[in-house]
Amino acid sequence: SRMVGEEIQAHRQMLAAERGELRLEVADVDVPALLDELVALYRPHIVTGGRWLQLAKVPNCRLRTDATLLRRVLGNLIKNALEATAAGETVVVSAEAVAGEVVFSVRNPSVIPDAIQLQIFQRSFSTKAGEGRGVGTYAVKLFAERFLGGRVSFVSNDDSGTVFSVTLPTAP
(Lines give C-alpha, C1' and ligand atoms only; values in the text may rest on other atoms or scores of the structure.)
Protein backbone atom coordinates (compact mmCIF):
# COMPACT_ATOMS: atom_id res chain seq x y z
CA SER A 1 0.00 0.00 0.00
CA ARG A 2 2.94 2.33 0.69
CA MET A 3 4.22 1.80 -2.85
CA VAL A 4 0.80 2.57 -4.35
CA GLY A 5 0.66 5.76 -2.31
CA GLU A 6 4.13 6.73 -3.54
CA GLU A 7 3.08 6.09 -7.17
CA ILE A 8 0.05 8.34 -6.74
CA GLN A 9 2.21 11.06 -5.17
CA ALA A 10 4.77 10.72 -7.98
CA HIS A 11 2.03 11.16 -10.60
CA ARG A 12 0.70 14.24 -8.80
CA GLN A 13 4.20 15.71 -8.61
CA MET A 14 4.77 15.15 -12.29
CA LEU A 15 1.49 16.81 -13.27
CA ALA A 16 2.29 19.78 -11.02
CA ALA A 17 5.77 19.99 -12.56
CA GLU A 18 4.37 19.98 -16.11
CA ARG A 19 2.06 22.85 -15.16
CA GLY A 20 4.96 24.72 -13.52
CA GLU A 21 3.21 24.51 -10.14
CA LEU A 22 5.56 22.17 -8.30
CA ARG A 23 6.71 23.63 -4.99
CA LEU A 24 10.17 22.67 -3.84
CA GLU A 25 11.15 22.01 -0.24
CA VAL A 26 14.81 22.95 -0.34
CA ALA A 27 17.07 21.83 2.50
CA ASP A 28 20.59 20.58 3.09
CA VAL A 29 20.98 17.01 1.82
CA ASP A 30 23.82 14.74 2.92
CA VAL A 31 24.87 12.93 -0.29
CA PRO A 32 26.26 9.73 1.33
CA ALA A 33 23.18 9.37 3.56
CA LEU A 34 20.81 9.90 0.63
CA LEU A 35 22.52 7.26 -1.51
CA ASP A 36 22.76 4.81 1.40
CA GLU A 37 19.01 5.25 1.91
CA LEU A 38 18.19 4.69 -1.76
CA VAL A 39 20.35 1.59 -2.09
CA ALA A 40 18.85 0.17 1.13
CA LEU A 41 15.36 0.88 -0.25
CA TYR A 42 15.93 -0.80 -3.62
CA ARG A 43 18.04 -3.82 -2.57
CA PRO A 44 14.97 -5.75 -1.35
CA HIS A 45 12.64 -4.24 -4.02
CA ILE A 46 10.68 -6.62 -6.24
CA VAL A 47 12.51 -5.40 -9.37
CA THR A 48 15.87 -6.43 -7.86
CA GLY A 49 15.00 -10.17 -8.20
CA GLY A 50 18.36 -11.88 -8.73
CA ARG A 51 20.21 -8.69 -9.59
CA TRP A 52 22.80 -6.95 -7.45
CA LEU A 53 22.74 -3.31 -6.39
CA GLN A 54 26.08 -1.85 -5.37
CA LEU A 55 26.98 1.54 -3.93
CA ALA A 56 30.40 2.62 -5.22
CA LYS A 57 32.36 5.75 -4.41
CA VAL A 58 30.47 8.64 -2.86
CA PRO A 59 31.96 12.00 -1.86
CA ASN A 60 31.41 13.26 1.65
CA CYS A 61 29.46 16.36 0.66
CA ARG A 62 26.12 18.09 0.93
CA LEU A 63 23.70 19.67 -1.54
CA ARG A 64 21.05 22.29 -1.02
CA THR A 65 18.11 20.82 -2.93
CA ASP A 66 14.71 19.16 -2.62
CA ALA A 67 15.53 15.75 -1.14
CA THR A 68 12.18 14.19 -2.04
CA LEU A 69 12.49 15.18 -5.68
CA LEU A 70 16.12 14.06 -5.85
CA ARG A 71 15.13 10.69 -4.31
CA ARG A 72 12.44 10.33 -6.99
CA VAL A 73 14.91 11.17 -9.79
CA LEU A 74 17.59 8.75 -8.60
CA GLY A 75 15.02 6.12 -7.60
CA ASN A 76 13.58 6.12 -11.14
CA LEU A 77 17.05 5.63 -12.58
CA ILE A 78 17.87 2.81 -10.14
CA LYS A 79 14.56 1.05 -10.81
CA ASN A 80 14.99 1.35 -14.59
CA ALA A 81 18.57 0.07 -14.38
CA LEU A 82 17.50 -2.94 -12.32
CA GLU A 83 14.70 -3.74 -14.76
CA ALA A 84 17.15 -3.57 -17.69
CA THR A 85 19.73 -5.79 -16.02
CA ALA A 86 19.87 -9.57 -16.38
CA ALA A 87 19.76 -11.82 -13.33
CA GLY A 88 23.17 -12.16 -11.72
CA GLU A 89 24.40 -8.80 -13.02
CA THR A 90 25.08 -5.65 -11.02
CA VAL A 91 23.76 -2.09 -11.06
CA VAL A 92 26.25 0.40 -9.63
CA VAL A 93 25.22 3.70 -8.01
CA SER A 94 27.89 6.33 -7.40
CA ALA A 95 28.53 10.04 -7.08
CA GLU A 96 31.45 12.35 -7.65
CA ALA A 97 32.10 15.96 -6.59
CA VAL A 98 33.49 17.96 -9.49
CA ALA A 99 34.03 21.75 -9.66
CA GLY A 100 31.02 22.91 -7.62
CA GLU A 101 28.76 20.09 -8.78
CA VAL A 102 27.82 16.59 -7.74
CA VAL A 103 27.46 14.02 -10.52
CA PHE A 104 25.24 11.07 -9.58
CA SER A 105 25.59 8.00 -11.80
CA VAL A 106 23.58 4.82 -12.20
CA ARG A 107 25.27 2.16 -14.35
CA ASN A 108 24.05 -1.17 -15.63
CA PRO A 109 25.81 -3.53 -18.03
CA SER A 110 23.09 -3.62 -20.71
CA VAL A 111 23.14 -1.53 -23.87
CA ILE A 112 20.13 0.46 -25.09
CA PRO A 113 19.49 -0.02 -28.83
CA ASP A 114 20.12 3.12 -30.91
CA ALA A 115 16.45 3.52 -31.93
CA ILE A 116 15.41 3.53 -28.26
CA GLN A 117 18.18 5.94 -27.26
CA LEU A 118 16.65 8.56 -29.53
CA GLN A 119 13.33 8.38 -27.63
CA ILE A 120 14.54 7.79 -24.09
CA PHE A 121 13.35 11.11 -22.56
CA GLN A 122 10.02 11.35 -24.42
CA ARG A 123 6.83 11.29 -22.40
CA SER A 124 4.82 8.08 -22.79
CA PHE A 125 7.71 6.18 -24.36
CA SER A 126 8.30 2.82 -22.67
CA THR A 127 10.41 -0.19 -23.42
CA LYS A 128 8.04 -2.27 -21.29
CA ALA A 129 5.41 -3.64 -23.63
CA GLY A 130 2.02 -3.11 -22.01
CA GLU A 131 3.23 -2.63 -18.45
CA GLY A 132 5.09 0.69 -18.29
CA ARG A 133 3.60 4.16 -18.29
CA GLY A 134 6.56 5.72 -20.10
CA VAL A 135 7.18 8.53 -17.63
CA GLY A 136 10.31 7.36 -15.76
CA THR A 137 13.12 8.98 -17.73
CA TYR A 138 10.82 11.79 -18.84
CA ALA A 139 10.16 12.63 -15.17
CA VAL A 140 13.87 12.33 -14.35
CA LYS A 141 14.74 14.96 -16.95
CA LEU A 142 11.78 17.21 -16.08
CA PHE A 143 12.47 17.21 -12.33
CA ALA A 144 16.27 17.38 -12.49
CA GLU A 145 16.59 20.04 -15.17
CA ARG A 146 13.54 22.23 -14.71
CA PHE A 147 13.25 22.16 -10.93
CA LEU A 148 16.56 21.08 -9.40
CA GLY A 149 18.73 23.17 -11.74
CA GLY A 150 20.73 20.21 -13.00
CA ARG A 151 21.50 18.28 -16.15
CA VAL A 152 20.66 14.71 -17.15
CA SER A 153 22.61 12.69 -19.67
CA PHE A 154 23.40 9.12 -20.55
CA VAL A 155 25.78 6.97 -22.54
CA SER A 156 25.02 3.49 -23.71
CA ASN A 157 27.55 1.40 -25.58
CA ASP A 158 29.40 -1.90 -25.46
CA ASP A 159 32.32 -0.43 -23.50
CA SER A 160 30.36 1.32 -20.72
CA GLY A 161 27.02 -0.44 -20.65
CA THR A 162 24.41 2.19 -19.83
CA VAL A 163 25.23 5.05 -17.48
CA PHE A 164 22.67 7.70 -16.60
CA SER A 165 24.10 10.79 -14.92
CA VAL A 166 22.42 13.60 -13.01
CA THR A 167 24.59 16.63 -12.37
CA LEU A 168 23.47 19.13 -9.73
CA PRO A 169 25.13 22.28 -8.44
CA THR A 170 26.38 22.05 -4.86
CA ALA A 171 24.83 25.46 -4.15
CA PRO A 172 21.75 26.90 -5.83
# chains A, B, ... in the order shown; residues from 1 in each chain; ligands from 1
>>> residues_around(residues="Asp28 of chain A", least_positions_apart="6", cutoff="8 Å", atoms="only C-alpha atoms", output="PyMOL selection string")
chain A and resi 62-65
>>> residues_around(residues="segment 66-77 of chain A", least_positions_apart="4", cutoff="6 Å", atoms="only C-alpha atoms", output="PyMOL selection string")
chain A and resi 24-26+136+140
>>> residues_around(residues="Pro169 of chain A", least_positions_apart="2", cutoff="12 Å", atoms="only C-alpha atoms", output="PyMOL selection string")
chain A and resi 61-65+96-104+144-145+148-151+166-167+171-172
>>> write_last_selection(atoms="N, CA, C and O atoms", output="mmCIF file, in the first residue's frame")
data_model
loop_
_atom_site.group_PDB
_atom_site.id
_atom_site.type_symbol
_atom_site.label_atom_id
_atom_site.label_comp_id
_atom_site.auth_asym_id
_atom_site.auth_seq_id
_atom_site.Cartn_x
_atom_site.Cartn_y
_atom_site.Cartn_z
ATOM 1 N N CYS A 61 29.859 14.985 0.940
ATOM 2 C CA CYS A 61 29.458 16.361 0.659
ATOM 3 C C CYS A 61 27.954 16.518 0.851
ATOM 4 O O CYS A 61 27.238 15.546 1.066
ATOM 5 N N ARG A 62 27.536 17.758 0.766
ATOM 6 C CA ARG A 62 26.116 18.087 0.926
ATOM 7 C C ARG A 62 25.656 18.919 -0.269
ATOM 8 O O ARG A 62 26.450 19.595 -0.908
ATOM 9 N N LEU A 63 24.354 18.844 -0.516
ATOM 10 C CA LEU A 63 23.704 19.671 -1.536
ATOM 11 C C LEU A 63 22.600 20.463 -0.866
ATOM 12 O O LEU A 63 22.044 20.040 0.142
ATOM 13 N N ARG A 64 22.244 21.554 -1.458
ATOM 14 C CA ARG A 64 21.052 22.288 -1.024
ATOM 15 C C ARG A 64 20.037 22.095 -2.136
ATOM 16 O O ARG A 64 20.138 22.706 -3.206
ATOM 17 N N THR A 65 19.058 21.210 -1.882
ATOM 18 C CA THR A 65 18.108 20.820 -2.930
ATOM 19 C C THR A 65 16.855 20.246 -2.284
ATOM 20 O O THR A 65 16.754 20.158 -1.066
ATOM 21 N N GLU A 96 30.131 11.737 -7.609
ATOM 22 C CA GLU A 96 31.446 12.354 -7.648
ATOM 23 C C GLU A 96 31.273 13.864 -7.524
ATOM 24 O O GLU A 96 30.380 14.443 -8.151
ATOM 25 N N ALA A 97 32.109 14.493 -6.715
ATOM 26 C CA ALA A 97 32.102 15.957 -6.588
ATOM 27 C C ALA A 97 33.114 16.513 -7.577
ATOM 28 O O ALA A 97 34.282 16.123 -7.559
ATOM 29 N N VAL A 98 32.632 17.396 -8.458
ATOM 30 C CA VAL A 98 33.489 17.962 -9.494
ATOM 31 C C VAL A 98 33.164 19.438 -9.659
ATOM 32 O O VAL A 98 32.035 19.786 -10.033
ATOM 33 N N ALA A 99 34.129 20.309 -9.372
ATOM 34 C CA ALA A 99 34.028 21.748 -9.660
ATOM 35 C C ALA A 99 32.678 22.368 -9.309
ATOM 36 O O ALA A 99 31.998 22.927 -10.163
ATOM 37 N N GLY A 100 32.267 22.274 -8.049
ATOM 38 C CA GLY A 100 31.023 22.908 -7.619
ATOM 39 C C GLY A 100 29.761 22.161 -7.996
ATOM 40 O O GLY A 100 28.674 22.705 -7.911
ATOM 41 N N GLU A 101 29.917 20.911 -8.416
ATOM 42 C CA GLU A 101 28.762 20.093 -8.783
ATOM 43 C C GLU A 101 28.920 18.688 -8.204
ATOM 44 O O GLU A 101 30.028 18.259 -7.895
ATOM 45 N N VAL A 102 27.797 18.008 -8.081
ATOM 46 C CA VAL A 102 27.818 16.586 -7.741
ATOM 47 C C VAL A 102 27.210 15.848 -8.922
ATOM 48 O O VAL A 102 26.125 16.196 -9.400
ATOM 49 N N VAL A 103 27.932 14.839 -9.404
ATOM 50 C CA VAL A 103 27.462 14.022 -10.517
ATOM 51 C C VAL A 103 27.073 12.661 -9.955
ATOM 52 O O VAL A 103 27.920 11.907 -9.483
ATOM 53 N N PHE A 104 25.767 12.368 -9.991
ATOM 54 C CA PHE A 104 25.239 11.068 -9.576
ATOM 55 C C PHE A 104 25.203 10.181 -10.815
ATOM 56 O O PHE A 104 24.791 10.634 -11.879
ATOM 57 N N ALA A 144 14.864 17.010 -12.701
ATOM 58 C CA ALA A 144 16.267 17.382 -12.489
ATOM 59 C C ALA A 144 16.636 18.686 -13.190
ATOM 60 O O ALA A 144 17.322 19.526 -12.609
ATOM 61 N N GLU A 145 16.166 18.865 -14.408
ATOM 62 C CA GLU A 145 16.589 20.037 -15.170
ATOM 63 C C GLU A 145 15.719 21.262 -14.902
ATOM 64 O O GLU A 145 16.236 22.365 -14.744
ATOM 65 N N LEU A 148 15.394 21.188 -10.274
ATOM 66 C CA LEU A 148 16.564 21.076 -9.404
ATOM 67 C C LEU A 148 17.777 21.820 -9.962
ATOM 68 O O LEU A 148 18.824 21.875 -9.322
ATOM 69 N N GLY A 149 17.646 22.386 -11.160
ATOM 70 C CA GLY A 149 18.728 23.173 -11.741
ATOM 71 C C GLY A 149 19.915 22.350 -12.224
ATOM 72 O O GLY A 149 21.033 22.847 -12.286
ATOM 73 N N GLY A 150 19.656 21.098 -12.590
ATOM 74 C CA GLY A 150 20.734 20.214 -13.002
ATOM 75 C C GLY A 150 20.677 19.842 -14.467
ATOM 76 O O GLY A 150 19.964 20.467 -15.256
ATOM 77 N N ARG A 151 21.449 18.813 -14.791
ATOM 78 C CA ARG A 151 21.498 18.276 -16.150
ATOM 79 C C ARG A 151 21.411 16.758 -16.061
ATOM 80 O O ARG A 151 21.940 16.144 -15.133
ATOM 81 N N VAL A 166 23.142 12.398 -13.415
ATOM 82 C CA VAL A 166 22.418 13.597 -13.011
ATOM 83 C C VAL A 166 23.437 14.502 -12.337
ATOM 84 O O VAL A 166 24.044 14.128 -11.333
ATOM 85 N N THR A 167 23.626 15.683 -12.906
ATOM 86 C CA THR A 167 24.590 16.631 -12.372
ATOM 87 C C THR A 167 23.837 17.793 -11.745
ATOM 88 O O THR A 167 22.998 18.425 -12.389
ATOM 89 N N ALA A 171 25.559 24.337 -4.751
ATOM 90 C CA ALA A 171 24.831 25.461 -4.155
ATOM 91 C C ALA A 171 23.921 26.051 -5.206
ATOM 92 O O ALA A 171 24.344 26.223 -6.336
ATOM 93 N N PRO A 172 22.671 26.343 -4.835
ATOM 94 C CA PRO A 172 21.748 26.903 -5.834
ATOM 95 C C PRO A 172 22.141 28.291 -6.278
ATOM 96 O O PRO A 172 22.878 28.968 -5.641
#
>>> select_by_dssp(residues="segment 5-168 of chain A", states="alpha helix (DSSP H)", output="PyMOL selection string")
chain A and resi 5-18+31-42+67-84+114-117+136-141
>>> atom_distance(atom1="atom CA of Asp158 of chain A", atom2="atom CA of Ala84 of chain A")
14.6 Å
>>> closest_residue(among="A:Thr48, A:Ser105, A:Phe143, A:Val92", to="Ser165 of chain A", atoms="only C-alpha atoms")
A:Ser105
>>> residues_around(residues="Leu55 of chain A", least_positions_apart="3", cutoff="12 Å", atoms="only C-alpha atoms", output="PyMOL selection string")
chain A and resi 32-40+42-43+52+58-59+78+90-95+104-107
